[in-house]
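The structure file start.cif is reproduced below (mmCIF, C-alpha atoms).
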```cif
data_structure
loop_
_atom_site.group_PDB
_atom_site.id
_atom_site.type_symbol
_atom_site.label_atom_id
_atom_site.label_comp_id
_atom_site.auth_asym_id
_atom_site.auth_seq_id
_atom_site.Cartn_x
_atom_site.Cartn_y
_atom_site.Cartn_z
ATOM 1 C CA MET A 28 0.000 0.000 0.000
ATOM 2 C CA PHE A 29 2.879 2.315 0.734
ATOM 3 C CA PHE A 30 3.664 3.031 -2.911
ATOM 4 C CA LEU A 31 0.272 4.651 -3.253
ATOM 5 C CA ILE A 32 1.332 7.486 -0.987
ATOM 6 C CA GLU A 33 2.581 10.096 -3.411
ATOM 7 C CA ASN A 34 4.871 12.048 -1.090
ATOM 8 C CA PHE A 35 6.624 8.981 0.242
ATOM 9 C CA THR A 36 10.400 8.912 -0.360
ATOM 10 C CA PRO A 37 11.642 5.698 1.286
ATOM 11 C CA VAL A 38 15.141 5.437 -0.234
ATOM 12 C CA THR A 39 16.270 8.921 0.749
ATOM 13 C CA ALA A 40 14.602 8.469 4.113
ATOM 14 C CA ILE A 41 16.669 5.389 4.897
ATOM 15 C CA ALA A 42 19.811 7.030 3.488
ATOM 16 C CA ARG A 43 19.291 9.946 5.805
ATOM 17 C CA GLY A 44 18.729 7.713 8.731
ATOM 18 C CA ILE A 45 22.056 6.008 8.151
ATOM 19 C CA LEU A 46 23.898 9.320 7.676
ATOM 20 C CA ILE A 47 22.399 10.827 10.820
ATOM 21 C CA ASP A 48 23.237 7.691 12.702
ATOM 22 C CA LEU A 49 26.804 7.769 11.461
ATOM 23 C CA SER A 50 27.059 11.377 12.618
ATOM 24 C CA ALA A 51 25.607 10.556 16.033
ATOM 25 C CA ALA A 52 27.908 7.563 16.441
ATOM 26 C CA ILE A 53 31.031 9.541 15.475
ATOM 27 C CA PHE A 54 30.105 12.292 17.900
ATOM 28 C CA LEU A 55 29.417 9.923 20.771
ATOM 29 C CA TRP A 56 32.472 7.797 20.082
ATOM 30 C CA GLY A 57 34.865 10.727 19.673
ATOM 31 C CA ASN A 58 33.513 13.353 22.046
ATOM 32 C CA GLY A 59 31.133 11.425 24.255
ATOM 33 C CA ARG A 60 28.263 13.723 23.438
ATOM 34 C CA ILE A 61 24.739 13.409 22.127
ATOM 35 C CA ALA A 62 24.296 14.892 18.638
ATOM 36 C CA GLY A 63 21.171 16.835 19.543
ATOM 37 C CA VAL A 64 20.956 20.202 17.894
ATOM 38 C CA SER A 65 18.996 21.962 20.620
ATOM 39 C CA GLY A 66 21.526 20.860 23.222
ATOM 40 C CA ILE A 67 24.539 21.777 21.106
ATOM 41 C CA LEU A 68 23.237 25.243 20.259
ATOM 42 C CA GLY A 69 21.465 25.827 23.566
ATOM 43 C CA GLY A 70 24.729 25.178 25.370
ATOM 44 C CA MET A 71 26.053 28.412 23.908
ATOM 45 C CA LEU A 72 23.793 30.283 26.304
ATOM 46 C CA SER A 73 25.755 28.928 29.218
ATOM 47 C CA ARG A 74 28.923 30.614 30.379
ATOM 48 C CA ASP A 75 30.984 27.696 29.233
ATOM 49 C CA PHE A 76 32.768 29.681 26.547
ATOM 50 C CA GLY A 77 35.394 26.991 26.112
ATOM 51 C CA SER A 78 32.752 24.798 24.472
ATOM 52 C CA TRP A 79 31.836 27.410 21.872
ATOM 53 C CA PRO A 80 34.337 26.362 19.195
ATOM 54 C CA TRP A 81 33.048 22.795 18.817
ATOM 55 C CA ARG A 82 29.430 23.940 19.077
ATOM 56 C CA ILE A 83 29.970 26.468 16.298
ATOM 57 C CA LEU A 84 31.864 23.960 14.170
ATOM 58 C CA PHE A 85 29.053 21.432 14.465
ATOM 59 C CA ALA A 86 26.518 24.067 13.371
ATOM 60 C CA LEU A 87 28.676 25.264 10.477
ATOM 61 C CA GLY A 88 29.233 21.672 9.423
ATOM 62 C CA MET A 89 25.483 21.163 9.286
ATOM 63 C CA VAL A 90 24.950 24.121 7.001
ATOM 64 C CA ALA A 91 27.949 23.108 4.879
ATOM 65 C CA GLY A 92 26.459 19.640 4.460
ATOM 66 C CA VAL A 93 23.629 21.106 2.412
ATOM 67 C CA PHE A 94 26.062 22.947 0.170
ATOM 68 C CA ILE A 95 28.080 19.811 -0.425
ATOM 69 C CA TYR A 96 24.915 17.947 -1.297
ATOM 70 C CA ARG A 97 23.924 20.669 -3.767
ATOM 71 C CA SER A 98 27.324 20.985 -5.372
ATOM 72 C CA ALA A 99 27.516 17.208 -5.749
ATOM 73 C CA GLY A 100 24.449 17.488 -7.945
ATOM 74 C CA GLY A 101 21.813 16.756 -5.323
ATOM 75 C CA THR A 102 18.466 18.381 -5.847
ATOM 76 C CA LEU A 103 16.249 19.903 -3.240
ATOM 77 C CA GLN A 104 12.701 21.066 -3.612
ATOM 78 C CA ASP A 105 12.186 24.764 -3.071
ATOM 79 C CA ILE A 106 11.630 25.394 0.562
ATOM 80 C CA GLU A 107 8.286 26.924 1.254
ATOM 81 C CA LEU A 108 7.764 28.881 4.414
ATOM 82 C CA THR A 109 4.029 29.095 4.703
ATOM 83 C CA SER A 110 3.928 30.582 8.164
ATOM 84 C CA SER A 111 4.164 34.288 8.868
ATOM 85 C CA LEU A 112 7.254 35.709 10.530
ATOM 86 C CA PRO A 113 5.657 36.236 13.984
ATOM 87 C CA ILE A 114 4.473 32.610 13.989
ATOM 88 C CA LEU A 115 7.936 31.399 13.028
ATOM 89 C CA VAL A 116 9.488 33.443 15.818
ATOM 90 C CA LEU A 117 6.894 32.213 18.310
ATOM 91 C CA GLY A 118 7.485 28.642 17.169
ATOM 92 C CA GLY A 119 11.212 29.047 17.563
ATOM 93 C CA VAL A 120 10.835 30.442 21.082
ATOM 94 C CA LEU A 121 8.529 27.592 22.090
ATOM 95 C CA VAL A 122 10.924 25.053 20.633
ATOM 96 C CA GLY A 123 13.695 26.643 22.661
ATOM 97 C CA ILE A 124 11.729 26.560 25.912
ATOM 98 C CA GLY A 125 10.477 23.057 25.326
ATOM 99 C CA SER A 126 13.730 21.499 24.242
ATOM 100 C CA SER A 127 15.653 23.007 27.142
ATOM 101 C CA LEU A 128 13.055 21.999 29.755
ATOM 102 C CA GLY A 129 12.636 18.627 28.076
ATOM 103 C CA SER A 130 16.412 18.108 27.793
ATOM 104 C CA GLY A 131 16.418 17.495 24.073
ATOM 105 C CA CYS A 132 14.645 17.474 20.765
ATOM 106 C CA THR A 133 14.066 15.186 17.804
ATOM 107 C CA ASN A 134 17.563 13.817 17.398
ATOM 108 C CA GLY A 135 18.730 13.992 20.974
ATOM 109 C CA HIS A 136 15.732 12.038 22.270
ATOM 110 C CA GLY A 137 14.279 10.367 19.197
ATOM 111 C CA LEU A 138 17.534 8.982 17.831
ATOM 112 C CA CYS A 139 20.368 9.139 20.330
ATOM 113 C CA GLY A 140 18.229 8.707 23.442
ATOM 114 C CA LEU A 141 16.365 5.734 22.048
ATOM 115 C CA GLY A 142 19.661 4.376 20.736
ATOM 116 C CA ARG A 143 21.007 4.213 24.261
ATOM 117 C CA ARG A 144 17.657 2.888 25.488
ATOM 118 C CA SER A 145 16.737 5.810 27.712
ATOM 119 C CA GLY A 146 13.229 5.524 29.122
ATOM 120 C CA ARG A 147 13.020 9.276 29.401
ATOM 121 C CA SER A 148 13.762 9.633 25.704
ATOM 122 C CA LEU A 149 11.100 7.110 24.771
ATOM 123 C CA ALA A 150 8.539 9.070 26.797
ATOM 124 C CA ALA A 151 9.765 12.311 25.282
ATOM 125 C CA THR A 152 9.582 11.073 21.710
ATOM 126 C CA LEU A 153 6.089 9.645 22.109
ATOM 127 C CA VAL A 154 4.844 12.826 23.786
ATOM 128 C CA PHE A 155 6.297 15.372 21.394
ATOM 129 C CA MET A 156 5.476 13.406 18.262
ATOM 130 C CA GLY A 157 1.945 12.750 19.490
ATOM 131 C CA ILE A 158 1.278 16.322 20.463
ATOM 132 C CA ALA A 159 2.890 17.676 17.311
ATOM 133 C CA GLY A 160 0.507 15.485 15.314
ATOM 134 C CA VAL A 161 -2.465 16.788 17.264
ATOM 135 C CA THR A 162 -1.252 20.367 16.770
ATOM 136 C CA VAL A 163 -0.956 19.880 13.019
ATOM 137 C CA TYR A 164 -4.421 18.328 12.956
ATOM 138 C CA VAL A 165 -5.923 21.249 14.855
ATOM 139 C CA THR A 166 -4.154 23.996 12.888
ATOM 140 C CA ARG A 167 -4.715 22.378 9.485
ATOM 141 C CA HIS A 168 -8.042 20.626 9.722
ATOM 142 C CA VAL A 169 -9.871 22.416 12.518
ATOM 143 C CA MET A 170 -8.580 25.960 12.194
ATOM 144 C CA GLY A 171 -8.167 25.650 8.430
ATOM 145 C CA GLY A 172 -4.473 26.401 8.209
ATOM 146 C CA VAL A 173 -4.642 29.981 9.483
ATOM 147 C CA LEU A 174 -1.256 29.552 11.163
ATOM 148 C CA MET B 17 41.928 19.726 18.165
ATOM 149 C CA SER B 18 40.641 16.206 17.557
ATOM 150 C CA ARG B 19 37.496 17.170 19.422
ATOM 151 C CA LEU B 20 36.892 20.105 17.086
ATOM 152 C CA LEU B 21 37.458 17.937 14.048
ATOM 153 C CA VAL B 22 34.996 15.344 15.315
ATOM 154 C CA ALA B 23 32.396 18.073 15.888
ATOM 155 C CA ALA B 24 32.849 19.497 12.390
ATOM 156 C CA VAL B 25 32.732 16.100 10.680
ATOM 157 C CA ALA B 26 29.713 14.977 12.685
ATOM 158 C CA GLY B 27 27.940 18.245 11.883
ATOM 159 C CA LEU B 28 28.755 17.886 8.203
ATOM 160 C CA ILE B 29 27.414 14.341 7.939
ATOM 161 C CA PHE B 30 24.373 15.368 9.929
ATOM 162 C CA GLY B 31 23.673 18.220 7.508
ATOM 163 C CA LEU B 32 24.165 15.933 4.540
ATOM 164 C CA GLY B 33 21.709 13.477 5.991
ATOM 165 C CA LEU B 34 19.102 16.173 6.469
ATOM 166 C CA ALA B 35 19.605 17.427 2.926
ATOM 167 C CA VAL B 36 19.415 13.970 1.330
ATOM 168 C CA SER B 37 16.140 13.237 3.053
ATOM 169 C CA GLU B 38 14.801 16.751 2.417
ATOM 170 C CA MET B 39 14.127 17.083 6.113
ATOM 171 C CA VAL B 40 15.475 20.603 5.707
ATOM 172 C CA ASN B 41 12.097 21.223 4.123
ATOM 173 C CA PRO B 42 9.448 22.002 6.746
ATOM 174 C CA GLN B 43 6.745 20.763 4.383
ATOM 175 C CA LYS B 44 8.311 17.334 4.573
ATOM 176 C CA VAL B 45 8.109 17.322 8.357
ATOM 177 C CA ILE B 46 4.552 18.625 8.485
ATOM 178 C CA GLY B 47 3.659 15.974 5.902
ATOM 179 C CA PHE B 48 4.632 13.293 8.391
ATOM 180 C CA LEU B 49 2.685 14.883 11.225
ATOM 181 C CA ASP B 50 -0.387 15.425 9.074
ATOM 182 C CA VAL B 51 -1.857 11.959 9.431
ATOM 183 C CA ALA B 52 -5.344 13.140 8.477
ATOM 184 C CA GLY B 53 -4.159 14.867 5.314
ATOM 185 C CA ASN B 54 -1.806 13.730 2.551
ATOM 186 C CA TRP B 55 0.323 11.634 4.868
ATOM 187 C CA ASP B 56 4.043 11.232 4.142
ATOM 188 C CA PRO B 57 5.527 8.423 6.246
ATOM 189 C CA SER B 58 9.147 9.117 5.210
ATOM 190 C CA LEU B 59 10.165 10.507 8.593
ATOM 191 C CA ALA B 60 9.166 7.262 10.280
ATOM 192 C CA LEU B 61 11.646 5.430 8.062
ATOM 193 C CA VAL B 62 14.315 8.026 8.739
ATOM 194 C CA MET B 63 13.885 7.496 12.456
ATOM 195 C CA GLY B 64 13.409 3.760 12.176
ATOM 196 C CA GLY B 65 16.379 3.201 9.886
ATOM 197 C CA ALA B 66 18.665 5.248 12.081
ATOM 198 C CA LEU B 67 17.396 3.615 15.260
ATOM 199 C CA VAL B 68 18.296 0.149 14.086
ATOM 200 C CA VAL B 69 21.856 1.313 13.601
ATOM 201 C CA THR B 70 22.163 3.520 16.696
ATOM 202 C CA GLY B 71 20.769 0.668 18.760
ATOM 203 C CA GLY B 72 23.796 -1.346 17.694
ATOM 204 C CA THR B 73 26.579 1.224 17.520
ATOM 205 C CA PHE B 74 25.621 3.037 20.730
ATOM 206 C CA GLY B 75 25.705 -0.160 22.702
ATOM 207 C CA PHE B 76 29.190 -0.859 21.390
ATOM 208 C CA ILE B 77 30.443 2.697 22.069
ATOM 209 C CA LEU B 78 28.996 2.877 25.570
ATOM 210 C CA LYS B 79 30.844 -0.251 26.582
ATOM 211 C CA ARG B 80 33.939 1.925 26.595
ATOM 212 C CA SER B 81 34.724 3.691 29.836
ATOM 213 C CA GLU B 82 35.275 6.969 27.993
ATOM 214 C CA PRO B 83 35.059 8.448 24.480
ATOM 215 C CA LEU B 84 38.153 8.765 22.300
ATOM 216 C CA PHE B 85 38.849 12.444 22.905
ATOM 217 C CA ASP B 86 37.225 13.278 26.236
ATOM 218 C CA THR B 87 37.382 12.040 29.785
ATOM 219 C CA GLY B 88 33.776 10.899 30.029
ATOM 220 C CA PHE B 89 30.386 10.703 28.376
ATOM 221 C CA HIS B 90 28.115 13.721 28.700
ATOM 222 C CA PHE B 91 24.528 12.756 29.428
ATOM 223 C CA ARG B 92 22.048 14.884 31.264
ATOM 224 C CA PRO B 93 20.906 13.355 34.522
ATOM 225 C CA GLU B 94 17.398 11.956 34.409
ATOM 226 C CA THR B 95 16.147 13.996 37.318
ATOM 227 C CA ILE B 96 13.365 16.157 35.918
ATOM 228 C CA SER B 97 10.019 15.704 37.649
ATOM 229 C CA MET B 98 7.445 14.209 35.343
ATOM 230 C CA PRO B 99 4.733 16.930 35.409
ATOM 231 C CA ASN B 100 7.257 19.616 34.597
ATOM 232 C CA TYR B 101 8.723 17.366 31.980
ATOM 233 C CA TYR B 102 5.554 16.732 30.058
ATOM 234 C CA SER B 103 4.531 20.368 29.955
ATOM 235 C CA ALA B 104 7.961 21.155 28.593
ATOM 236 C CA LEU B 105 7.518 18.585 25.871
ATOM 237 C CA GLU B 106 4.182 20.079 24.994
ATOM 238 C CA TYR B 107 5.886 23.413 24.455
ATOM 239 C CA LEU B 108 8.326 21.724 22.182
ATOM 240 C CA ALA B 109 5.627 19.990 20.222
ATOM 241 C CA LEU B 110 3.460 23.061 19.887
ATOM 242 C CA GLY B 111 6.382 25.164 18.868
ATOM 243 C CA GLY B 112 7.630 22.573 16.455
ATOM 244 C CA ALA B 113 4.304 22.131 14.794
ATOM 245 C CA SER B 114 3.281 25.770 14.638
ATOM 246 C CA SER B 115 6.313 26.722 12.630
ATOM 247 C CA VAL B 116 6.904 23.090 11.728
ATOM 248 C CA TYR B 117 10.560 23.100 12.355
ATOM 249 C CA ALA B 118 12.804 21.069 14.480
ATOM 250 C CA PRO B 119 15.873 23.106 15.429
ATOM 251 C CA ALA B 120 18.140 21.319 12.978
ATOM 252 C CA PRO B 121 16.163 22.025 9.812
ATOM 253 C CA GLN B 122 15.558 25.535 11.018
ATOM 254 C CA LEU B 123 19.243 26.206 11.239
ATOM 255 C CA GLN B 124 19.755 24.969 7.722
ATOM 256 C CA SER B 125 16.670 26.422 6.143
ATOM 257 C CA TRP B 126 17.229 30.062 6.840
ATOM 258 C CA PRO B 127 20.463 30.498 4.932
ATOM 259 C CA MET B 128 19.082 28.270 2.189
ATOM 260 C CA VAL B 129 15.962 30.329 1.696
ATOM 261 C CA LYS B 130 18.042 33.468 1.641
ATOM 262 C CA TRP B 131 20.579 32.158 -0.817
ATOM 263 C CA THR B 132 18.019 30.533 -3.068
ATOM 264 C CA ARG B 133 16.242 33.821 -3.410
ATOM 265 C CA SER B 134 19.411 35.750 -4.000
ATOM 266 C CA GLY B 135 19.894 33.666 -7.129
ATOM 267 C CA LEU B 136 23.098 32.063 -5.939
ATOM 268 C CA TRP B 137 21.626 28.716 -6.931
#
```

Now that the file is in, can you turn its structure into structure tokens?
Amino acid sequence: MFFLIENFTPVTAIARGILIDLSAAIFLWGNGRIAGVSGILGGMLSRDFGSWPWRILFALGMVAGVFIYRSAGGTLQDIELTSSLPILVLGGVLVGIGSSLGSGCTNGHGLCGLGRRSGRSLAATLVFMGIAGVTVYVTRHVMGGVL
Amino acid sequence: MSRLLVAAVAGLIFGLGLAVSEMVNPQKVIGFLDVAGNWDPSLALVMGGALVVTGGTFGFILKRSEPLFDTGFHFRPETISMPNYYSALEYLALGGASSVYAPAPQLQSWPMVKWTRSGLW
């Protein structure tokens, strides 16, 4: 049945999963850290300035990864930002609050946390994925996509 | 020095992975969350595929007493009280869905949108 879903891209999805995993494994093996973006960037708000260089390098590497993909001939669909600027800013702030209180986000909990069999991460992933789904349902199908 | 190199390489591969799967595109993420609409299950495979591998590699890595270039592993203690914890996760979910970004794609998307529009690509 899956091939009937027009937006489904299974090959690239699995490829990504392996790449992200490789990244997470390298980071844990080499530096002993979880490759969670909210934690890596959020840590820059602490006074631990000595950690800034590797945090910045990780972030720059992420952005550079897209350029390498493009210059190697990879194609990306045009990115559409359908939300207004205030909503994007509000969303970003909420993500920041939530991921710092919740000790992680999609990769930190959903990939790395589950990879090391953390019960907290399993709870986190189920809760934020579930609620995100409900939020999309409400904003798209109840409120009619006004956000 | 090795630590910086590891961070840069890990970041690079991470970014490549996001680009390959188009998870830099918020529409792709919202497509997964939109079960009632035109559902796109790709993200489940991304997570599932990676989990199979992390489940194996992480177990192997964590058998070591320390990582290659640091004196110990850095995990946050699991001490947050549950009520506080769940409300925090709700913030995350609401925020993520309202702008439909996880932090990683967000970081990548902004420069991309800018540069795409400037005609660089």

- request: One decimal, Å: what's the distance from CA of Ser58 (chain B) over to CA of Lys44 (chain B), could you say?
  value: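 Atom-to-atom, CA of Ser58 (chain B) to CA of Lys44 (chain B), that is 8.3 Å.
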
List, as a PDB file with C-alpha atoms, in the frame of the given file, every residue that the PyMOL selection byres ((chain A and resi 59-66) around 7) selects in the file provided.
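Here's the written file out15.pdb:
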```pdb
ATOM      1  CA  ALA A  51      25.607  10.556  16.033  1.00  0.00           C
ATOM      2  CA  PHE A  54      30.105  12.292  17.900  1.00  0.00           C
ATOM      3  CA  LEU A  55      29.417   9.923  20.771  1.00  0.00           C
ATOM      4  CA  TRP A  56      32.472   7.797  20.082  1.00  0.00           C
ATOM      5  CA  GLY A  57      34.865  10.727  19.673  1.00  0.00           C
ATOM      6  CA  ASN A  58      33.513  13.353  22.046  1.00  0.00           C
ATOM      7  CA  ILE A  67      24.539  21.777  21.106  1.00  0.00           C
ATOM      8  CA  LEU A  68      23.237  25.243  20.259  1.00  0.00           C
ATOM      9  CA  GLY A  69      21.465  25.827  23.566  1.00  0.00           C
ATOM     10  CA  GLY A  70      24.729  25.178  25.370  1.00  0.00           C
ATOM     11  CA  SER A 126      13.730  21.499  24.242  1.00  0.00           C
ATOM     12  CA  GLY A 131      16.418  17.495  24.073  1.00  0.00           C
ATOM     13  CA  CYS A 132      14.645  17.474  20.765  1.00  0.00           C
ATOM     14  CA  ASN A 134      17.563  13.817  17.398  1.00  0.00           C
ATOM     15  CA  GLY A 135      18.730  13.992  20.974  1.00  0.00           C
ATOM     16  CA  CYS A 139      20.368   9.139  20.330  1.00  0.00           C
TER      17      CYS A 139
ATOM     18  CA  PRO B  83      35.059   8.448  24.480  1.00  0.00           C
ATOM     19  CA  ASP B  86      37.225  13.278  26.236  1.00  0.00           C
ATOM     20  CA  GLY B  88      33.776  10.899  30.029  1.00  0.00           C
ATOM     21  CA  PHE B  89      30.386  10.703  28.376  1.00  0.00           C
ATOM     22  CA  HIS B  90      28.115  13.721  28.700  1.00  0.00           C
ATOM     23  CA  PRO B 119      15.873  23.106  15.429  1.00  0.00           C
ATOM     24  CA  ALA B 120      18.140  21.319  12.978  1.00  0.00           C
TER      25      ALA B 120
END
```

- request: Write out as number ranges by chain every residue belonging to chain A that has an atom at most 6 Å from any atom of chain B, counting only C-alpha atoms.
  value: A: 34-37, 39-41, 43-48, 50, 54, 56-60, 64, 81, 84-85, 88-90, 92-93, 106, 115, 118, 121-122, 125-126, 128-129, 138, 142-143, 155, 158-160, 163

- prompt: Interatomic distance between CA of Tyr164 (chain A) and CA of Val45 (chain B)?
  reply: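 These two atoms are separated by 13.4 Å.
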
- request: Grab the CA of Thr166 (chain A) to CA of Ile114 (chain A) distance for me, in Å with one decimal place.
  value: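 Computing the Euclidean distance for CA of Thr166 (chain A) and CA of Ile114 (chain A) yields 12.2 Å.
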